[in-house]
>>> print(open('coords_37.txt').read())   # compact mmCIF, N, CA and C atoms
# COMPACT_ATOMS: atom_id res chain seq x y z
N MET A 1 88.68 96.94 127.26
CA MET A 1 88.93 95.56 126.96
C MET A 1 87.78 94.68 127.46
N TYR A 2 87.08 95.21 128.45
CA TYR A 2 85.98 94.46 129.04
C TYR A 2 84.95 94.05 127.99
N GLU A 3 84.54 95.01 127.16
CA GLU A 3 83.49 94.71 126.19
C GLU A 3 83.96 93.71 125.14
N HIS A 4 85.23 93.74 124.78
CA HIS A 4 85.74 92.79 123.78
C HIS A 4 85.76 91.37 124.34
N SER A 5 86.23 91.21 125.56
CA SER A 5 86.28 89.87 126.14
C SER A 5 84.88 89.32 126.40
N ARG A 6 83.95 90.19 126.78
CA ARG A 6 82.57 89.74 127.02
C ARG A 6 81.89 89.35 125.71
N ASP A 7 82.17 90.07 124.63
CA ASP A 7 81.60 89.70 123.33
C ASP A 7 82.08 88.32 122.91
N LEU A 8 83.35 88.08 123.09
CA LEU A 8 83.92 86.77 122.76
C LEU A 8 83.32 85.68 123.64
N PHE A 9 83.16 85.97 124.91
CA PHE A 9 82.56 85.02 125.86
C PHE A 9 81.11 84.71 125.47
N ARG A 10 80.34 85.75 125.15
CA ARG A 10 78.94 85.53 124.76
C ARG A 10 78.81 84.73 123.48
N LEU A 11 79.76 84.87 122.59
CA LEU A 11 79.75 84.12 121.35
C LEU A 11 79.95 82.62 121.60
N LEU A 12 80.79 82.29 122.58
CA LEU A 12 81.15 80.90 122.83
C LEU A 12 80.32 80.21 123.91
N LYS A 13 79.68 80.96 124.76
CA LYS A 13 78.96 80.39 125.90
C LYS A 13 77.89 79.37 125.52
N PRO A 14 77.10 79.57 124.46
CA PRO A 14 76.07 78.56 124.13
C PRO A 14 76.63 77.18 123.79
N GLU A 15 77.89 77.12 123.42
CA GLU A 15 78.50 75.85 123.03
C GLU A 15 79.08 75.08 124.22
N LEU A 16 79.11 75.67 125.40
CA LEU A 16 79.72 75.03 126.57
C LEU A 16 79.05 73.71 126.93
N MET A 17 79.86 72.78 127.40
CA MET A 17 79.38 71.51 127.89
C MET A 17 79.11 71.67 129.39
N PRO A 18 77.91 71.34 129.86
CA PRO A 18 77.63 71.50 131.30
C PRO A 18 78.45 70.54 132.15
N ASP A 19 78.77 70.97 133.35
CA ASP A 19 79.52 70.14 134.30
C ASP A 19 78.64 69.97 135.53
N ALA A 20 78.07 68.78 135.69
CA ALA A 20 77.15 68.52 136.80
C ALA A 20 77.85 68.61 138.15
N GLY A 21 79.10 68.22 138.21
CA GLY A 21 79.84 68.25 139.48
C GLY A 21 80.21 69.65 139.94
N HIS A 22 80.42 70.55 138.99
CA HIS A 22 80.83 71.92 139.30
C HIS A 22 80.04 72.90 138.44
N PRO A 23 78.78 73.16 138.78
CA PRO A 23 78.00 74.08 137.96
C PRO A 23 78.61 75.48 137.98
N GLY A 24 78.69 76.10 136.81
CA GLY A 24 79.25 77.44 136.70
C GLY A 24 80.73 77.48 136.42
N ARG A 25 81.43 76.40 136.70
CA ARG A 25 82.88 76.39 136.51
C ARG A 25 83.29 76.53 135.04
N PRO A 26 82.63 75.83 134.10
CA PRO A 26 83.03 76.00 132.70
C PRO A 26 82.88 77.45 132.22
N GLY A 27 81.84 78.11 132.65
CA GLY A 27 81.65 79.51 132.27
C GLY A 27 82.74 80.41 132.82
N ARG A 28 83.11 80.19 134.07
CA ARG A 28 84.19 80.99 134.67
C ARG A 28 85.52 80.75 133.98
N MET A 29 85.78 79.48 133.64
CA MET A 29 87.03 79.16 132.96
C MET A 29 87.07 79.79 131.57
N LEU A 30 85.95 79.75 130.86
CA LEU A 30 85.88 80.35 129.53
C LEU A 30 86.06 81.87 129.62
N LEU A 31 85.42 82.49 130.57
CA LEU A 31 85.53 83.94 130.74
C LEU A 31 86.98 84.34 131.05
N ALA A 32 87.63 83.61 131.93
CA ALA A 32 89.02 83.92 132.28
C ALA A 32 89.93 83.77 131.06
N ALA A 33 89.70 82.73 130.26
CA ALA A 33 90.51 82.52 129.06
C ALA A 33 90.27 83.63 128.04
N CYS A 34 89.03 84.04 127.86
CA CYS A 34 88.71 85.13 126.93
C CYS A 34 89.35 86.44 127.39
N GLU A 35 89.25 86.74 128.67
CA GLU A 35 89.85 87.95 129.20
C GLU A 35 91.37 87.95 129.02
N GLY A 36 91.99 86.81 129.29
CA GLY A 36 93.44 86.70 129.13
C GLY A 36 93.88 86.90 127.68
N SER A 37 93.14 86.32 126.76
CA SER A 37 93.49 86.46 125.34
C SER A 37 93.33 87.90 124.86
N VAL A 38 92.23 88.53 125.23
CA VAL A 38 92.00 89.91 124.79
C VAL A 38 93.03 90.84 125.43
N GLU A 39 93.35 90.60 126.68
CA GLU A 39 94.35 91.43 127.35
C GLU A 39 95.71 91.30 126.67
N ARG A 40 96.07 90.07 126.33
CA ARG A 40 97.37 89.86 125.67
C ARG A 40 97.37 90.48 124.27
N MET A 41 96.25 90.39 123.56
CA MET A 41 96.16 91.01 122.24
C MET A 41 96.29 92.53 122.34
N ALA A 42 95.75 93.11 123.41
CA ALA A 42 95.84 94.56 123.60
C ALA A 42 97.25 94.98 123.98
N MET A 43 97.94 94.15 124.73
CA MET A 43 99.29 94.47 125.17
C MET A 43 100.32 94.28 124.06
N ASP A 44 100.13 93.26 123.23
CA ASP A 44 101.15 92.89 122.26
C ASP A 44 100.49 92.56 120.92
N ALA A 45 100.64 93.43 119.95
CA ALA A 45 100.02 93.23 118.64
C ALA A 45 100.63 92.03 117.92
N ARG A 46 101.83 91.62 118.28
CA ARG A 46 102.46 90.47 117.63
C ARG A 46 101.80 89.16 118.02
N PHE A 47 101.00 89.15 119.05
CA PHE A 47 100.32 87.94 119.53
C PHE A 47 99.11 87.58 118.66
N ARG A 48 98.63 88.52 117.84
CA ARG A 48 97.40 88.34 117.08
C ARG A 48 97.34 87.04 116.28
N PRO A 49 98.38 86.65 115.54
CA PRO A 49 98.27 85.42 114.75
C PRO A 49 98.07 84.15 115.59
N TYR A 50 98.44 84.20 116.85
CA TYR A 50 98.37 83.01 117.70
C TYR A 50 97.20 83.01 118.67
N ALA A 51 96.45 84.10 118.71
CA ALA A 51 95.41 84.27 119.73
C ALA A 51 94.31 83.22 119.62
N ALA A 52 93.81 82.95 118.43
CA ALA A 52 92.72 81.98 118.27
C ALA A 52 93.18 80.58 118.66
N ARG A 53 94.36 80.22 118.21
CA ARG A 53 94.88 78.90 118.53
C ARG A 53 95.08 78.72 120.03
N GLN A 54 95.63 79.73 120.68
CA GLN A 54 95.87 79.61 122.12
C GLN A 54 94.56 79.57 122.90
N LEU A 55 93.61 80.41 122.52
CA LEU A 55 92.33 80.41 123.21
C LEU A 55 91.65 79.05 123.06
N PHE A 56 91.69 78.47 121.87
CA PHE A 56 91.09 77.15 121.67
C PHE A 56 91.83 76.09 122.48
N ARG A 57 93.15 76.18 122.51
CA ARG A 57 93.93 75.19 123.26
C ARG A 57 93.58 75.23 124.75
N HIS A 58 93.34 76.42 125.28
CA HIS A 58 93.00 76.54 126.70
C HIS A 58 91.56 76.15 127.02
N THR A 59 90.67 76.25 126.04
CA THR A 59 89.25 76.05 126.33
C THR A 59 88.63 74.82 125.68
N ARG A 60 89.36 74.06 124.89
CA ARG A 60 88.74 72.96 124.16
C ARG A 60 88.15 71.88 125.06
N VAL A 61 88.64 71.74 126.28
CA VAL A 61 88.08 70.74 127.19
C VAL A 61 86.68 71.12 127.67
N LEU A 62 86.28 72.36 127.43
CA LEU A 62 84.99 72.84 127.88
C LEU A 62 83.87 72.55 126.88
N PHE A 63 84.23 72.07 125.70
CA PHE A 63 83.25 71.84 124.64
C PHE A 63 83.19 70.36 124.28
N PRO A 64 82.02 69.86 123.86
CA PRO A 64 81.92 68.46 123.46
C PRO A 64 82.80 68.20 122.23
N LEU A 65 83.28 67.00 122.11
CA LEU A 65 84.20 66.64 121.04
C LEU A 65 83.62 66.89 119.66
N HIS A 66 82.35 66.55 119.47
CA HIS A 66 81.75 66.71 118.15
C HIS A 66 81.50 68.17 117.77
N ARG A 67 81.65 69.11 118.70
CA ARG A 67 81.44 70.54 118.43
C ARG A 67 82.74 71.34 118.40
N GLN A 68 83.88 70.67 118.51
CA GLN A 68 85.13 71.42 118.62
C GLN A 68 85.54 72.13 117.34
N LEU A 69 85.31 71.54 116.18
CA LEU A 69 85.64 72.24 114.94
C LEU A 69 84.78 73.49 114.74
N PRO A 70 83.45 73.40 114.92
CA PRO A 70 82.66 74.64 114.82
C PRO A 70 83.04 75.68 115.88
N VAL A 71 83.41 75.23 117.07
CA VAL A 71 83.84 76.16 118.11
C VAL A 71 85.14 76.84 117.71
N PHE A 72 86.06 76.09 117.12
CA PHE A 72 87.31 76.70 116.67
C PHE A 72 87.04 77.77 115.62
N ARG A 73 86.13 77.51 114.72
CA ARG A 73 85.78 78.50 113.70
C ARG A 73 85.14 79.74 114.34
N LEU A 74 84.29 79.52 115.36
CA LEU A 74 83.71 80.66 116.09
C LEU A 74 84.81 81.48 116.77
N ILE A 75 85.75 80.79 117.37
CA ILE A 75 86.86 81.48 118.05
C ILE A 75 87.66 82.29 117.04
N GLU A 76 87.97 81.69 115.88
CA GLU A 76 88.71 82.43 114.87
C GLU A 76 87.98 83.69 114.43
N ARG A 77 86.68 83.56 114.20
CA ARG A 77 85.87 84.70 113.77
C ARG A 77 85.81 85.77 114.86
N GLY A 78 85.58 85.35 116.11
CA GLY A 78 85.50 86.31 117.22
C GLY A 78 86.82 87.00 117.48
N VAL A 79 87.92 86.26 117.43
CA VAL A 79 89.24 86.85 117.68
C VAL A 79 89.59 87.83 116.57
N SER A 80 89.23 87.51 115.33
CA SER A 80 89.54 88.45 114.25
C SER A 80 88.75 89.75 114.41
N LYS A 81 87.50 89.67 114.87
CA LYS A 81 86.72 90.89 115.12
C LYS A 81 87.36 91.72 116.23
N VAL A 82 87.76 91.05 117.30
CA VAL A 82 88.41 91.75 118.42
C VAL A 82 89.71 92.39 117.95
N ALA A 83 90.50 91.65 117.18
CA ALA A 83 91.78 92.18 116.69
C ALA A 83 91.57 93.39 115.79
N ASP A 84 90.57 93.33 114.93
CA ASP A 84 90.29 94.47 114.06
C ASP A 84 89.88 95.70 114.86
N SER A 85 89.04 95.51 115.88
CA SER A 85 88.63 96.65 116.69
C SER A 85 89.79 97.19 117.53
N LEU A 86 90.67 96.31 118.00
CA LEU A 86 91.85 96.79 118.74
C LEU A 86 92.79 97.55 117.81
N ASP A 87 92.94 97.08 116.58
CA ASP A 87 93.78 97.80 115.61
C ASP A 87 93.21 99.18 115.32
N ALA A 88 91.88 99.26 115.21
CA ALA A 88 91.24 100.54 114.96
C ALA A 88 91.46 101.49 116.15
N GLU A 89 91.37 100.96 117.36
CA GLU A 89 91.62 101.78 118.55
C GLU A 89 93.07 102.24 118.61
N ARG A 90 93.99 101.35 118.24
CA ARG A 90 95.40 101.73 118.22
C ARG A 90 95.64 102.84 117.21
N ALA A 91 95.03 102.72 116.04
CA ALA A 91 95.21 103.73 114.98
C ALA A 91 94.62 105.08 115.40
N SER A 92 93.48 105.06 116.05
CA SER A 92 92.85 106.33 116.43
C SER A 92 93.58 106.99 117.59
N ASP A 93 94.14 106.20 118.51
CA ASP A 93 94.84 106.77 119.66
C ASP A 93 96.32 107.00 119.40
N GLY A 94 96.89 106.25 118.49
CA GLY A 94 98.32 106.35 118.24
C GLY A 94 99.15 105.70 119.33
N ARG A 95 98.54 104.81 120.10
CA ARG A 95 99.25 104.12 121.18
C ARG A 95 99.37 102.64 120.84
N GLN A 96 100.45 102.02 121.24
CA GLN A 96 100.62 100.59 121.03
C GLN A 96 99.97 99.79 122.15
N ASN A 97 100.07 100.28 123.37
CA ASN A 97 99.55 99.56 124.53
C ASN A 97 98.23 100.19 124.94
N LEU A 98 97.12 99.52 124.65
CA LEU A 98 95.81 100.07 124.93
C LEU A 98 95.36 99.89 126.38
N LEU A 99 96.14 99.16 127.17
CA LEU A 99 95.74 98.90 128.54
C LEU A 99 96.39 99.87 129.53
N ARG A 100 97.04 100.88 129.02
CA ARG A 100 97.67 101.86 129.89
C ARG A 100 97.12 103.24 129.63
N CYS A 101 96.98 103.97 130.67
CA CYS A 101 96.55 105.36 130.60
C CYS A 101 97.59 106.15 129.79
N ALA A 102 97.16 107.13 129.02
CA ALA A 102 98.06 107.91 128.18
C ALA A 102 98.80 109.00 128.95
N ALA A 103 98.49 109.17 130.24
CA ALA A 103 99.11 110.22 131.03
C ALA A 103 100.51 109.83 131.51
N VAL A 104 101.27 110.85 131.87
CA VAL A 104 102.61 110.67 132.42
C VAL A 104 102.61 111.29 133.81
N ASN A 105 103.24 110.59 134.78
CA ASN A 105 103.24 111.13 136.14
C ASN A 105 104.33 112.20 136.31
N ARG A 106 104.48 112.73 137.50
CA ARG A 106 105.42 113.82 137.75
C ARG A 106 106.87 113.42 137.53
N LYS A 107 107.17 112.15 137.67
CA LYS A 107 108.53 111.67 137.47
C LYS A 107 108.82 111.36 136.01
N GLY A 108 107.82 111.51 135.16
CA GLY A 108 108.02 111.27 133.74
C GLY A 108 107.76 109.84 133.31
N LYS A 109 107.21 109.04 134.21
CA LYS A 109 106.92 107.65 133.87
C LYS A 109 105.45 107.52 133.49
N PRO A 110 105.13 106.59 132.58
CA PRO A 110 103.72 106.44 132.18
C PRO A 110 102.86 105.90 133.31
N CYS A 111 101.64 106.37 133.37
CA CYS A 111 100.68 105.88 134.36
C CYS A 111 100.42 104.42 134.06
N GLY A 112 100.30 103.60 135.06
CA GLY A 112 100.10 102.17 134.87
C GLY A 112 98.67 101.71 134.96
N ARG A 113 97.74 102.63 135.16
CA ARG A 113 96.34 102.23 135.32
C ARG A 113 95.66 102.02 133.98
N GLU A 114 94.55 101.30 134.02
CA GLU A 114 93.78 101.02 132.81
C GLU A 114 92.87 102.21 132.51
N PRO A 115 92.80 102.62 131.23
CA PRO A 115 91.94 103.76 130.89
C PRO A 115 90.47 103.41 130.98
N MET A 116 89.65 104.44 131.13
CA MET A 116 88.21 104.24 131.16
C MET A 116 87.74 103.86 129.76
N ARG A 117 86.62 103.17 129.69
CA ARG A 117 86.11 102.72 128.40
C ARG A 117 85.81 103.92 127.50
N GLY A 118 86.30 103.84 126.28
CA GLY A 118 86.06 104.89 125.32
C GLY A 118 86.96 106.10 125.47
N GLY A 119 87.92 106.04 126.36
CA GLY A 119 88.81 107.17 126.57
C GLY A 119 90.27 106.75 126.57
N ARG A 120 91.13 107.75 126.69
CA ARG A 120 92.56 107.47 126.70
C ARG A 120 93.13 107.49 128.11
N TYR A 121 92.35 107.98 129.07
CA TYR A 121 92.88 108.21 130.42
C TYR A 121 92.12 107.40 131.48
N CYS A 122 92.82 107.14 132.59
CA CYS A 122 92.22 106.45 133.73
C CYS A 122 91.35 107.45 134.52
N PRO A 123 90.61 106.99 135.52
CA PRO A 123 89.77 107.92 136.30
C PRO A 123 90.57 109.04 136.96
N SER A 124 91.79 108.78 137.36
CA SER A 124 92.59 109.83 138.01
C SER A 124 93.02 110.93 137.05
N HIS A 125 93.16 110.57 135.77
CA HIS A 125 93.64 111.53 134.79
C HIS A 125 92.58 111.94 133.78
N ARG A 126 91.32 111.67 134.07
CA ARG A 126 90.27 111.97 133.10
C ARG A 126 90.12 113.46 132.83
N HIS A 127 90.61 114.29 133.75
CA HIS A 127 90.56 115.74 133.52
C HIS A 127 91.42 116.15 132.33
N LEU A 128 92.37 115.31 131.95
CA LEU A 128 93.23 115.62 130.80
C LEU A 128 92.49 115.48 129.47
N GLU A 129 91.41 114.71 129.44
CA GLU A 129 90.61 114.57 128.22
C GLU A 129 90.06 115.94 127.83
N ASN A 130 89.57 116.71 128.80
CA ASN A 130 89.02 118.04 128.52
C ASN A 130 90.10 118.97 127.98
N ARG A 131 91.28 118.90 128.56
CA ARG A 131 92.38 119.74 128.11
C ARG A 131 92.78 119.40 126.68
N ASP A 132 92.81 118.10 126.35
CA ASP A 132 93.16 117.69 124.99
C ASP A 132 92.12 118.16 123.99
N SER A 133 90.83 118.05 124.35
CA SER A 133 89.78 118.49 123.43
C SER A 133 89.80 120.01 123.26
N ASP A 134 90.15 120.76 124.32
CA ASP A 134 90.26 122.22 124.21
C ASP A 134 91.41 122.60 123.28
N ARG A 135 92.54 121.89 123.39
CA ARG A 135 93.68 122.16 122.52
C ARG A 135 93.34 121.85 121.07
N ALA A 136 92.63 120.76 120.84
CA ALA A 136 92.26 120.40 119.46
C ALA A 136 91.35 121.47 118.87
N GLY A 137 90.44 122.02 119.68
CA GLY A 137 89.56 123.09 119.21
C GLY A 137 90.33 124.35 118.85
N VAL A 138 91.31 124.71 119.67
CA VAL A 138 92.13 125.90 119.42
C VAL A 138 92.98 125.70 118.17
N LEU A 139 93.58 124.52 118.03
CA LEU A 139 94.41 124.24 116.85
C LEU A 139 93.57 124.20 115.59
N GLY A 140 92.34 123.68 115.67
CA GLY A 140 91.46 123.63 114.51
C GLY A 140 91.01 125.01 114.08
N ALA A 141 90.82 125.92 115.04
CA ALA A 141 90.38 127.28 114.74
C ALA A 141 91.53 128.09 114.15
N ALA A 142 92.77 127.79 114.54
CA ALA A 142 93.93 128.53 114.05
C ALA A 142 94.27 128.14 112.61
N ALA A 143 93.91 126.97 112.20
CA ALA A 143 94.28 126.49 110.85
C ALA A 143 93.40 127.02 109.77
>>> encode(input="coords_37.txt", output="structure tokens")
Amino acid sequence: MYEHSRDLFRLLKPELMPDAGHPGRPGRMLLAACEGSVERMAMDARFRPYAARQLFRHTRVLFPLHRQLPVFRLIERGVSKVADSLDAERASDGRQNLLRCAAVNRKGKPCGREPMRGGRYCPSHRHLENRDSDRAGVLGAAA
């Protein structure tokens, strides 16, 4: 999720209005809002239609008034790219919640940690990636 929120942040950062009283604060606020939106989109696919509107509502005070319409269009475009990539990740993994490790603990409950980038498992369960790839190889050879 890190790379998606950073891409959205980098897209919007040039439009930020500087704050002389608190340098750096607008950037931090924008980054937090981008991270929150991407996290919510990853957790709940039903949030997708509202993501651009909510992100704009939370961040519009950070942009000059005459640039707010172009910023909203940038947000819409960036959020749709993020949503498409999250949908592709969901389809390839077969999981609805992309922020959770695909492993199950000894009690049968899902692991609550965030998976490593590009994988299905967290650092504690990354050894399961090798086991899954070995099984796929055996199943592919048997067919």
>>> residues_around(input="coords_37.txt", residues="A:Pro123", least_positions_apart="4", cutoff="8 Å", atoms="only N, CA and C atoms", output="list in words")
Cys101, Arg113, Glu114, Pro115, Met116 and His127 of chain A
>>> residues_around(input="coords_37.txt", residues="A:Asp19", least_positions_apart="4", cutoff="12 Å", atoms="only C-alpha atoms", output="list of chain:residue names")
A:Pro23, A:Gly24, A:Arg25, A:Pro26, A:Gly27, A:Arg28, A:Met29, A:Val61, A:Leu62, A:Phe63, A:Pro64
>>> atom_distance(input="coords_37.txt", atom1="atom CA of A:Ala102", atom2="atom CA of A:Arg6")
23.9 Å
>>> axis_aligned_box(input="coords_37.txt", around="stretch 67-77 of chain A", padding_each_side="3 Å", output="lines of an AutoDock Vina configuration file")
center_x = 85.1
center_y = 77.4
center_z = 116.2
size_x = 13.3
size_y = 22.7
size_z = 11.0
>>> closest_residue(input="coords_37.txt", among="A:Leu128, A:Val71, A:Ala88, A:Pro110", to="A:Glu15", atoms="only N, CA and C atoms")
A:Val71
>>> residues_around(input="coords_37.txt", residues="A:Ser5", least_positions_apart="3", cutoff="8 Å", atoms="only N, CA and C atoms", output="list in words")
Met1, Tyr2, Leu8, Phe9, Arg10, Leu11, Leu31, Ala33, Cys34, Glu35, Gly36, Ser37, Val38, Glu39 and Val82 of chain A
>>> closest_residue(input="coords_37.txt", among="A:Leu12, A:Cys122, A:Ala42, A:Leu69", to="A:Leu30", atoms="only N, CA and C atoms")
A:Leu12
>>> atom_distance(input="coords_37.txt", atom1="atom CA of A:Arg100", atom2="atom CA of A:Glu129")
14.6 Å
>>> atom_distance(input="coords_37.txt", atom1="atom C of A:Asp84", atom2="atom C of A:Tyr50")
15.1 Å
>>> closest_residue(input="coords_37.txt", among="A:Val104, A:Ile75, A:Leu86, A:Ala91", to="A:Asp44", atoms="only C-alpha atoms")
A:Leu86
>>> select_by_dssp(input="coords_37.txt", residues="chain A", states="alpha helix (DSSP H)", output="PyMOL selection string")
chain A and resi 2-12+25-43+48-59+68-93+127-142
